[in-house]
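One file, protein-v1.cif, carrying mmCIF, C-alpha atoms:
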```cif
data_my_file
loop_
_atom_site.label_atom_id
_atom_site.label_comp_id
_atom_site.auth_asym_id
_atom_site.auth_seq_id
_atom_site.Cartn_x
_atom_site.Cartn_y
_atom_site.Cartn_z
CA MET Y 1476 135.64 145.14 64.01
CA ILE Y 1477 134.93 147.77 61.32
CA LYS Y 1478 131.25 146.81 61.30
CA ARG Y 1479 131.07 147.18 65.09
CA ILE Y 1480 132.61 150.63 64.91
CA ILE Y 1481 130.23 151.72 62.15
CA LEU Y 1482 127.25 150.37 64.11
CA LEU Y 1483 128.21 152.22 67.28
CA ILE Y 1484 128.92 155.47 65.40
CA THR Y 1485 125.52 155.23 63.72
CA ALA Y 1486 123.77 154.80 67.08
CA MET Y 1487 125.60 157.74 68.63
CA VAL Y 1488 124.93 159.98 65.63
CA SER Y 1489 121.21 159.18 65.84
CA VAL Y 1490 121.14 160.27 69.47
CA LEU Y 1491 123.10 163.47 68.85
CA ALA Y 1492 121.01 164.38 65.82
CA GLY Y 1493 117.82 164.15 67.85
CA LYS Y 1494 119.29 166.40 70.56
CA ALA Y 1495 117.55 164.22 73.13
CA GLN Y 1496 118.35 161.46 75.56
CA GLN Y 1497 116.02 158.50 75.99
CA ASP Y 1498 114.75 157.20 79.33
CA SER Y 1499 116.56 154.14 80.64
CA GLN Y 1500 115.26 150.77 79.50
CA PHE Y 1501 114.28 148.15 82.11
CA SER Y 1502 112.65 144.82 81.27
CA GLN Y 1503 111.67 144.14 84.90
CA TYR Y 1504 109.61 147.31 85.34
CA ILE Y 1505 106.62 144.98 85.72
CA PHE Y 1506 107.88 143.92 89.17
CA ASN Y 1507 107.98 147.52 90.40
CA GLY Y 1508 105.77 150.07 88.62
CA LEU Y 1509 107.47 152.92 90.50
CA HIS Y 1510 110.12 153.03 87.75
CA ILE Y 1511 107.63 154.36 85.23
CA ASN Y 1512 104.70 155.69 87.28
CA PRO Y 1513 104.78 157.63 90.59
CA ALA Y 1514 101.13 156.68 91.21
CA TYR Y 1515 102.33 153.13 91.96
CA ALA Y 1516 104.04 154.24 95.20
CA GLY Y 1517 102.76 152.22 98.17
CA TYR Y 1518 100.84 149.62 96.18
CA LYS Y 1519 102.74 146.74 97.76
CA GLN Y 1520 101.63 148.07 101.18
CA ASP Y 1521 104.79 146.80 102.92
CA VAL Y 1522 107.92 148.91 102.80
CA TYR Y 1523 109.68 147.51 99.74
CA ILE Y 1524 113.32 148.13 98.83
CA GLN Y 1525 114.63 147.08 95.43
CA SER Y 1526 117.81 147.45 93.40
CA MET Y 1527 118.22 146.72 89.69
CA TYR Y 1528 121.22 146.60 87.40
CA ARG Y 1529 121.06 146.38 83.61
CA SER Y 1530 123.90 145.86 81.16
CA GLN Y 1531 122.59 146.41 77.64
CA TRP Y 1532 124.15 145.09 74.42
CA GLU Y 1533 126.92 143.28 76.28
CA GLY Y 1534 130.16 143.33 74.28
CA VAL Y 1535 129.56 146.72 72.59
CA LYS Y 1536 131.89 149.44 73.83
CA GLY Y 1537 130.00 152.34 75.40
CA ALA Y 1538 126.68 150.45 75.54
CA PRO Y 1539 124.14 151.53 78.20
CA LYS Y 1540 124.58 150.44 81.82
CA THR Y 1541 121.99 151.38 84.43
CA PHE Y 1542 121.69 150.96 88.20
CA SER Y 1543 118.66 151.92 90.29
CA LEU Y 1544 117.69 151.83 93.96
CA SER Y 1545 114.11 152.39 95.09
CA ALA Y 1546 112.06 152.24 98.28
CA ASP Y 1547 108.36 152.79 98.83
CA GLY Y 1548 105.56 152.03 101.25
CA ALA Y 1549 102.05 152.99 102.34
CA VAL Y 1550 100.87 155.20 105.21
CA ASN Y 1551 97.55 156.62 106.41
CA ASP Y 1552 95.77 153.24 106.23
CA GLY Y 1553 97.09 152.63 102.74
CA ARG Y 1554 95.58 155.76 101.23
CA VAL Y 1555 98.95 157.46 100.77
CA GLY Y 1556 102.04 156.01 99.11
CA LEU Y 1557 105.52 157.44 99.58
CA GLY Y 1558 108.61 156.46 97.64
CA LEU Y 1559 112.14 157.34 96.66
CA ILE Y 1560 114.01 156.26 93.54
CA ILE Y 1561 117.64 156.94 92.61
CA GLN Y 1562 119.11 155.94 89.28
CA ASN Y 1563 122.46 156.17 87.52
CA ASP Y 1564 122.68 155.73 83.76
CA GLN Y 1565 125.80 155.60 81.56
CA ILE Y 1566 125.90 155.40 77.77
CA GLY Y 1567 129.15 156.15 75.99
CA ALA Y 1568 130.35 159.59 77.07
CA GLN Y 1569 126.95 160.53 78.50
CA SER Y 1570 125.89 160.09 82.12
CA ALA Y 1571 122.72 160.79 84.10
CA LEU Y 1572 122.14 160.65 87.85
CA THR Y 1573 118.50 161.15 88.87
CA ALA Y 1574 116.66 161.17 92.20
CA TYR Y 1575 112.91 161.55 92.77
CA ALA Y 1576 110.65 161.66 95.82
CA ASN Y 1577 107.26 160.12 94.99
CA TYR Y 1578 103.81 160.78 96.46
CA ALA Y 1579 100.61 158.92 95.58
CA TYR Y 1580 97.07 159.34 96.87
CA LYS Y 1581 94.57 156.49 96.43
CA LEU Y 1582 90.81 156.77 96.14
CA GLN Y 1583 88.60 153.76 96.81
CA LEU Y 1584 86.01 153.25 94.08
CA GLY Y 1585 82.73 151.56 94.85
CA SER Y 1586 82.21 149.23 97.78
CA GLY Y 1587 85.12 146.90 97.00
CA ASP Y 1588 88.25 147.46 99.05
CA ASN Y 1589 90.55 146.57 96.16
CA SER Y 1590 89.16 148.84 93.43
CA LYS Y 1591 91.37 151.94 93.62
CA LEU Y 1592 92.34 154.96 91.57
CA SER Y 1593 95.72 156.47 92.42
CA PHE Y 1594 97.20 159.84 91.48
CA GLY Y 1595 100.95 160.28 91.71
CA LEU Y 1596 103.51 163.06 91.63
CA ALA Y 1597 107.31 162.82 91.71
CA ALA Y 1598 109.71 165.73 92.14
CA GLY Y 1599 113.47 165.65 92.06
CA PHE Y 1600 116.52 166.46 90.01
CA MET Y 1601 118.75 165.08 87.29
CA GLN Y 1602 122.47 165.62 87.00
CA LEU Y 1603 123.43 165.23 83.35
CA GLY Y 1604 126.97 165.07 82.06
CA ILE Y 1605 129.17 164.42 79.06
CA ASP Y 1606 132.85 163.51 79.15
CA GLY Y 1607 134.71 164.90 76.13
CA ASN Y 1608 137.73 162.74 76.97
CA LYS Y 1609 135.73 159.69 75.88
CA LEU Y 1610 135.03 161.11 72.40
CA ASP Y 1611 137.31 161.21 69.37
CA GLY Y 1612 136.78 163.93 66.80
CA VAL Y 1613 136.78 163.41 63.06
CA THR Y 1614 139.28 166.26 62.78
CA PRO Y 1615 141.73 167.71 65.34
CA ASP Y 1616 140.19 170.30 67.67
CA ASP Y 1617 136.67 169.34 66.64
CA GLY Y 1618 134.47 172.10 68.04
CA ALA Y 1619 131.52 169.74 68.43
CA ILE Y 1620 133.33 167.81 71.18
CA PRO Y 1621 133.26 169.41 74.65
CA VAL Y 1622 136.53 170.09 76.44
CA ASN Y 1623 136.96 167.71 79.41
CA SER Y 1624 133.75 167.00 81.35
CA GLN Y 1625 130.60 169.09 81.51
CA THR Y 1626 127.69 168.63 83.92
CA THR Y 1627 124.44 170.40 84.64
CA LEU Y 1628 121.91 170.01 87.47
CA LEU Y 1629 118.23 170.37 86.55
CA PRO Y 1630 114.94 170.14 88.48
CA ASP Y 1631 112.38 167.70 87.15
CA ALA Y 1632 108.94 166.22 87.79
CA ARG Y 1633 106.79 163.22 86.88
CA LEU Y 1634 103.02 162.65 86.91
CA GLY Y 1635 100.92 159.51 86.82
CA VAL Y 1636 97.51 157.92 87.32
CA TYR Y 1637 96.89 154.25 88.08
CA TYR Y 1638 93.69 152.20 88.37
CA SER Y 1639 93.56 148.67 89.73
CA ASN Y 1640 91.35 145.96 91.15
CA ASP Y 1641 91.93 142.26 91.83
CA ASP Y 1642 91.63 141.29 88.17
CA TYR Y 1643 93.18 144.02 86.02
CA PHE Y 1644 95.05 147.33 86.10
CA ALA Y 1645 95.86 150.25 83.83
CA GLY Y 1646 98.11 153.26 84.20
CA PHE Y 1647 99.32 156.36 82.38
CA SER Y 1648 102.33 158.48 83.28
CA ALA Y 1649 104.60 161.22 81.96
CA THR Y 1650 108.26 161.76 82.84
CA ASN Y 1651 110.91 164.45 82.21
CA LEU Y 1652 108.37 167.26 82.44
CA LEU Y 1653 110.58 170.13 83.67
CA ALA Y 1654 114.22 169.49 82.77
CA GLN Y 1655 114.05 170.61 79.14
CA TYR Y 1656 112.68 174.00 80.21
CA ALA Y 1657 115.27 174.52 82.96
CA VAL Y 1658 118.41 173.75 80.95
CA LYS Y 1659 120.70 176.70 80.24
CA ARG Y 1660 121.46 177.61 76.66
CA ASN Y 1661 125.20 177.30 77.25
CA SER Y 1662 124.71 173.61 78.08
CA SER Y 1663 123.98 172.70 74.46
CA ASN Y 1664 126.54 169.86 74.49
CA ILE Y 1665 124.54 168.04 77.16
CA LEU Y 1666 121.58 166.05 75.91
CA VAL Y 1667 118.43 166.59 77.99
CA PRO Y 1668 115.72 163.89 78.13
CA GLN Y 1669 112.48 164.83 76.42
CA PRO Y 1670 109.08 164.07 77.99
CA HIS Y 1671 108.19 160.38 77.80
CA PHE Y 1672 104.68 158.94 78.04
CA TYR Y 1673 103.85 155.45 79.35
CA LEU Y 1674 100.59 153.57 78.92
CA THR Y 1675 100.40 150.18 80.59
CA ALA Y 1676 97.67 147.63 81.26
CA GLY Y 1677 97.40 144.04 82.43
CA ALA Y 1678 95.06 141.35 83.68
CA GLN Y 1679 95.22 138.03 85.47
CA PHE Y 1680 93.48 134.73 84.79
CA PRO Y 1681 93.54 131.75 87.17
CA VAL Y 1682 94.58 128.57 85.39
CA SER Y 1683 94.50 126.33 88.47
CA ASP Y 1684 94.98 126.62 92.22
CA ASP Y 1685 98.75 126.78 91.73
CA LEU Y 1686 98.97 128.63 88.43
CA ARG Y 1687 98.00 132.12 87.29
CA PHE Y 1688 98.46 133.74 83.89
CA LYS Y 1689 99.16 137.49 83.49
CA PRO Y 1690 99.47 139.28 80.14
CA ILE Y 1691 100.79 142.86 80.24
CA ILE Y 1692 101.38 145.54 77.62
CA LEU Y 1693 103.43 148.72 77.77
CA LEU Y 1694 103.42 151.51 75.20
CA LYS Y 1695 106.24 154.07 75.55
CA ASP Y 1696 106.40 157.21 73.44
CA ASP Y 1697 108.24 160.51 73.23
CA THR Y 1698 108.07 163.34 70.73
CA LYS Y 1699 111.52 162.74 69.24
CA GLY Y 1700 112.22 159.01 69.01
CA PRO Y 1701 110.44 155.83 67.88
CA THR Y 1702 107.44 154.56 69.86
CA SER Y 1703 108.09 151.28 71.68
CA LEU Y 1704 105.60 148.48 72.41
CA ASP Y 1705 106.24 145.74 74.99
CA LEU Y 1706 104.13 142.57 75.02
CA ASN Y 1707 104.63 140.44 78.16
CA ALA Y 1708 103.18 137.12 79.33
CA PHE Y 1709 103.79 135.60 82.78
CA LEU Y 1710 102.92 132.52 84.78
CA LEU Y 1711 102.90 132.63 88.57
CA VAL Y 1712 103.67 129.17 89.93
CA LYS Y 1713 102.58 128.35 93.49
CA GLU Y 1714 102.82 131.99 94.54
CA ARG Y 1715 106.61 131.70 94.53
CA VAL Y 1716 108.01 131.80 90.99
CA TRP Y 1717 107.33 134.16 88.10
CA VAL Y 1718 108.22 132.80 84.66
CA GLY Y 1719 107.68 135.07 81.67
CA ALA Y 1720 108.62 136.11 78.16
CA PHE Y 1721 108.36 139.38 76.27
CA TYR Y 1722 108.57 140.87 72.81
CA ARG Y 1723 109.57 144.51 72.26
CA THR Y 1724 109.33 146.39 68.98
CA SER Y 1725 108.99 149.85 67.48
CA VAL Y 1726 105.57 150.92 66.24
CA THR Y 1727 104.26 153.93 64.34
CA LEU Y 1728 101.49 155.82 66.11
CA TYR Y 1729 101.81 159.08 64.21
CA ASN Y 1730 104.19 160.83 61.86
CA LYS Y 1731 107.36 162.29 63.39
CA SER Y 1732 109.05 164.68 61.00
CA ASN Y 1733 112.49 164.30 62.57
CA LEU Y 1734 112.58 160.53 61.92
CA GLN Y 1735 113.50 159.11 58.53
CA ASN Y 1736 110.77 157.08 56.85
CA ASP Y 1737 112.87 153.96 56.31
CA LEU Y 1738 114.23 153.80 59.87
CA PRO Y 1739 114.55 150.07 60.73
CA LYS Y 1740 112.50 148.76 63.63
CA GLU Y 1741 114.24 148.10 66.93
CA SER Y 1742 112.98 144.69 68.06
CA ALA Y 1743 113.97 142.32 70.84
CA MET Y 1744 112.64 139.34 72.73
CA GLY Y 1745 113.59 137.84 76.03
CA LEU Y 1746 112.88 135.81 79.14
CA ILE Y 1747 112.22 136.93 82.71
CA LEU Y 1748 112.43 134.88 85.91
CA GLU Y 1749 111.75 136.02 89.46
CA LEU Y 1750 111.40 133.97 92.63
CA PHE Y 1751 110.70 134.47 96.31
CA ALA Y 1752 113.94 133.09 97.76
CA THR Y 1753 112.36 133.68 101.20
CA PRO Y 1754 108.97 135.17 102.13
CA ASN Y 1755 110.59 138.63 102.14
CA LEU Y 1756 113.35 138.31 99.52
CA ARG Y 1757 112.79 138.50 95.75
CA ILE Y 1758 115.48 137.82 93.14
CA GLY Y 1759 114.95 138.40 89.42
CA TYR Y 1760 116.86 137.96 86.18
CA SER Y 1761 116.02 138.82 82.57
CA TYR Y 1762 117.77 138.36 79.25
CA ASP Y 1763 117.09 140.37 76.09
CA TYR Y 1764 118.06 139.21 72.61
CA SER Y 1765 118.07 141.73 69.74
CA LEU Y 1766 116.19 140.72 66.59
CA ASN Y 1767 117.63 143.40 64.30
CA GLY Y 1768 121.14 143.79 62.83
CA LEU Y 1769 122.61 144.55 66.24
CA ARG Y 1770 122.23 140.90 67.30
CA ASN Y 1771 125.41 139.94 65.44
CA TYR Y 1772 127.55 142.39 67.42
CA ASN Y 1773 126.58 141.86 71.05
CA TYR Y 1774 125.89 139.12 73.59
CA GLY Y 1775 122.46 140.29 74.63
CA SER Y 1776 121.27 142.42 77.52
CA HIS Y 1777 121.33 141.20 81.11
CA GLU Y 1778 119.29 142.54 84.02
CA ILE Y 1779 119.37 141.55 87.70
CA SER Y 1780 117.02 142.69 90.46
CA VAL Y 1781 116.94 142.13 94.22
CA GLY Y 1782 113.96 143.20 96.34
CA PHE Y 1783 113.27 143.01 100.06
CA TYR Y 1784 110.06 143.52 102.05
CA ILE Y 1785 110.26 145.13 105.48
CA SER Y 1786 107.16 143.70 107.13
CA ARG Y 1787 104.81 145.83 109.17
CA PRO Y 1788 102.90 144.32 112.13
CA ASN Y 1789 99.49 142.77 111.45
CA LEU Y 1790 99.70 143.39 107.71
CA ARG Y 1791 98.19 140.50 105.75
CA ARG Y 1792 99.98 139.90 102.45
CA ASP Y 1793 98.32 138.10 99.55
CA ARG Y 1794 101.24 138.55 97.20
CA GLY Y 1795 100.47 137.68 93.62
CA LEU Y 1796 96.74 137.24 94.23
CA LYS Y 1797 96.04 140.83 93.25
CA CYS Y 1798 96.59 141.68 89.62
CA TYR Y 1799 98.60 144.84 90.30
CA ASP Y 1800 100.91 143.27 92.90
CA PHE Y 1801 103.77 141.41 91.29
#
```

Write-out of the structure in structure tokens:
Amino acid sequence: MIKRIILLITAMVSVLAGKAQQDSQFSQYIFNGLHINPAYAGYKQDVYIQSMYRSQWEGVKGAPKTFSLSADGAVNDGRVGLGLIIQNDQIGAQSALTAYANYAYKLQLGSGDNSKLSFGLAAGFMQLGIDGNKLDGVTPDDGAIPVNSQTTLLPDARLGVYYSNDDYFAGFSATNLLAQYAVKRNSSNILVPQPHFYLTAGAQFPVSDDLRFKPIILLKDDTKGPTSLDLNAFLLVKERVWVGAFYRTSVTLYNKSNLQNDLPKESAMGLILELFATPNLRIGYSYDYSLNGLRNYNYGSHEISVGFYISRPNLRRDRGLKCYDF
């Protein structure tokens, strides 16, 4: 019990010391790129509605829990993508409710219909809060702990670019671009997310008529915390079942003066499964297992997703045949 308490205190102190809040972690972002890149809006063509829930480090008090709901689709003969994403994140005494409207415009490159370059913009708000009632001070009347609950509402924006064809894709995006500049100075107890940068790429290789292999990488960075690298590998079986595994670890791209040199790497591995329960219904599950010292004090991270296509007349779907369309 003492070790668990020390571990949790250490994690919370690291967050407070950095004066920043990290973006939510999802392992199933690969099934819906809208979570990390507004330029992905409308890529599935159909109107697609998806919800995801993630419980991280199960068994650790105050560990992150995240719920999201998104919807997107294409208009104007597929050249324009529109989307909406709402997300609620809770970690210890901190909370974040965000909502973004997404717009993407796609340019066809060359003579091929499926070679496209998309530019995306998302605008919305984030409501950030901290509940002082959930914190215990080291000394009575600790001035560092806020009295009761504090919240602040901030405008925010995201940008992204995304290229794809039938065989590979690549994207770059930036999030949390406005909030840090809009926060009031008297809201110093509330941690505001810093800009995050996402670089992702993937390809597909046919193994047989019923089997396709897709490797994907994701590099996530911000100016305050460790850089994260995701390595994913998936098999698509008979256009109905996705089976995959991933490895996530911290990497050093450049020196960050606010981070200690001997900071241990945060590593995890896991499995992902998604299936088409019906032609329009997708159900996914993923499990993360920590590879660092935290593995002895939690039961892993669990993530569930449910997605539903609302079909449009005369729209031909070749789901899974295109590299960008999970």

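Between CA of Asn1640 in chain Y and CA of Asn1589 in chain Y there is a distance of 5.1 Å.
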
Original post:
Rounded to one decimal in Å, what is the spacing between CA of Val1716 in chain Y and CA of His1777 in chain Y?
Top reply: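 CA of Val1716 in chain Y sits 19.1 Å away from CA of His1777 in chain Y.
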
Could you spell out the hits of the PyMOL selection byres ((chain Y and resi 1564-1581) around 7) on the shown file, as a short mmCIF file (atom, residue, chain, number, x, y, z; two decimals) with C-alpha atoms, keeping the file's coordinate frame?
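Contents of selection_8.cif, as written:
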```
data_model
loop_
_atom_site.label_atom_id
_atom_site.label_comp_id
_atom_site.auth_asym_id
_atom_site.auth_seq_id
_atom_site.Cartn_x
_atom_site.Cartn_y
_atom_site.Cartn_z
CA PRO Y 1513 104.78 157.63 90.59
CA ALA Y 1514 101.13 156.68 91.21
CA ALA Y 1516 104.04 154.24 95.20
CA GLY Y 1537 130.00 152.34 75.40
CA ALA Y 1538 126.68 150.45 75.54
CA PRO Y 1539 124.14 151.53 78.20
CA LYS Y 1540 124.58 150.44 81.82
CA THR Y 1541 121.99 151.38 84.43
CA PHE Y 1542 121.69 150.96 88.20
CA ARG Y 1554 95.58 155.76 101.23
CA VAL Y 1555 98.95 157.46 100.77
CA GLY Y 1556 102.04 156.01 99.11
CA LEU Y 1557 105.52 157.44 99.58
CA GLY Y 1558 108.61 156.46 97.64
CA LEU Y 1559 112.14 157.34 96.66
CA ILE Y 1560 114.01 156.26 93.54
CA ILE Y 1561 117.64 156.94 92.61
CA GLN Y 1562 119.11 155.94 89.28
CA ASN Y 1563 122.46 156.17 87.52
CA LEU Y 1582 90.81 156.77 96.14
CA GLN Y 1583 88.60 153.76 96.81
CA LYS Y 1591 91.37 151.94 93.62
CA LEU Y 1592 92.34 154.96 91.57
CA SER Y 1593 95.72 156.47 92.42
CA PHE Y 1594 97.20 159.84 91.48
CA GLY Y 1595 100.95 160.28 91.71
CA LEU Y 1596 103.51 163.06 91.63
CA ALA Y 1597 107.31 162.82 91.71
CA ALA Y 1598 109.71 165.73 92.14
CA GLY Y 1599 113.47 165.65 92.06
CA PHE Y 1600 116.52 166.46 90.01
CA MET Y 1601 118.75 165.08 87.29
CA GLN Y 1602 122.47 165.62 87.00
CA LEU Y 1603 123.43 165.23 83.35
CA GLY Y 1604 126.97 165.07 82.06
CA ILE Y 1605 129.17 164.42 79.06
CA ASP Y 1606 132.85 163.51 79.15
CA GLY Y 1607 134.71 164.90 76.13
CA LYS Y 1609 135.73 159.69 75.88
CA LEU Y 1610 135.03 161.11 72.40
#
```

Original post:
On this structure, which residues satisfy the PyMOL selection byres ((chain Y and resi 1755) around 9), written as a ChimeraX atom specification?
Top reply: /Y:1751-1754,1756-1757,1782-1786

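Across the structure, CA of Phe1672 in chain Y and CA of Tyr1656 in chain Y are spaced 17.2 Å apart.
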
What are the centre and the three edge lengths of an axis-aligned box that wraps all atoms of range 1545-1560 of chain Y in the file, given that 3 Å is added to every side, written as AutoDock Vina command-line options and rounded to one decimal in Å?
```
--center_x 104.8 --center_y 154.7 --center_z 100.0 --size_x 24.5 --size_y 11.4 --size_z 18.9
```

Subject >> Selection dump of the PyMOL selection byres ((chain Y and resi 1779) around 9), as a list in words >> reply: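 Listing what the PyMOL selection byres ((chain Y and resi 1779) around 9) selects in the shown file: Gln1503, Ser1526, Met1527, Tyr1528, Arg1529, Ile1758, Gly1759, Tyr1760, Ser1761, His1777, Glu1778, Ser1780 and Val1781 of chain Y.
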
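Nearest residue to Lys1519 in chain Y, choosing from Y:Ile1505, Y:Gly1548, Y:Leu1750, Y:Thr1626 and counting all atoms listed in the file: Y:Gly1548.
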
Subject >> Shell of 9 Å around Ala1654 in chain Y, all atoms listed in the file, local chain residues under 6 positions omitted, as a PyMOL selection string >> reply: chain Y and resi 1600-1601+1629-1632+1667-1670

**OP:** List the neighbours of Gly1677 in chain Y out to 10 Å using all atoms listed in the file; skip same-chain residues closer than 5 positions along the sequence, and give me the result as a ChimeraX atom specification.
**Re:** /Y:1505,1639,1642-1646,1689-1693,1707-1708,1798-1799

**OP:** Rank nothing, just name the residue among Y:Thr1702, Y:Leu1544, Y:Lys1695, Y:Leu1711 nearest to Gln1679 in chain Y, using only C-alpha atoms.
**Re:**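 Looking at the shortest contact to Gln1679 in chain Y, the residue is Y:Leu1711.
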
**OP:** Could you pull out every residue with an atom within 10 Å of (112.3, 158.5, 71.8), file coordinates, counting only C-alpha atoms, and send them as a PyMOL selection string?
**Re:** chain Y and resi 1490+1493+1495-1498+1668-1672+1695-1703

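Considering the residues Y:His1510, Y:Arg1723, Y:Lys1713, Y:Lys1740 and counting only C-alpha atoms, Asn1767 in chain Y has its shortest atom-to-atom contact with Y:Lys1740.
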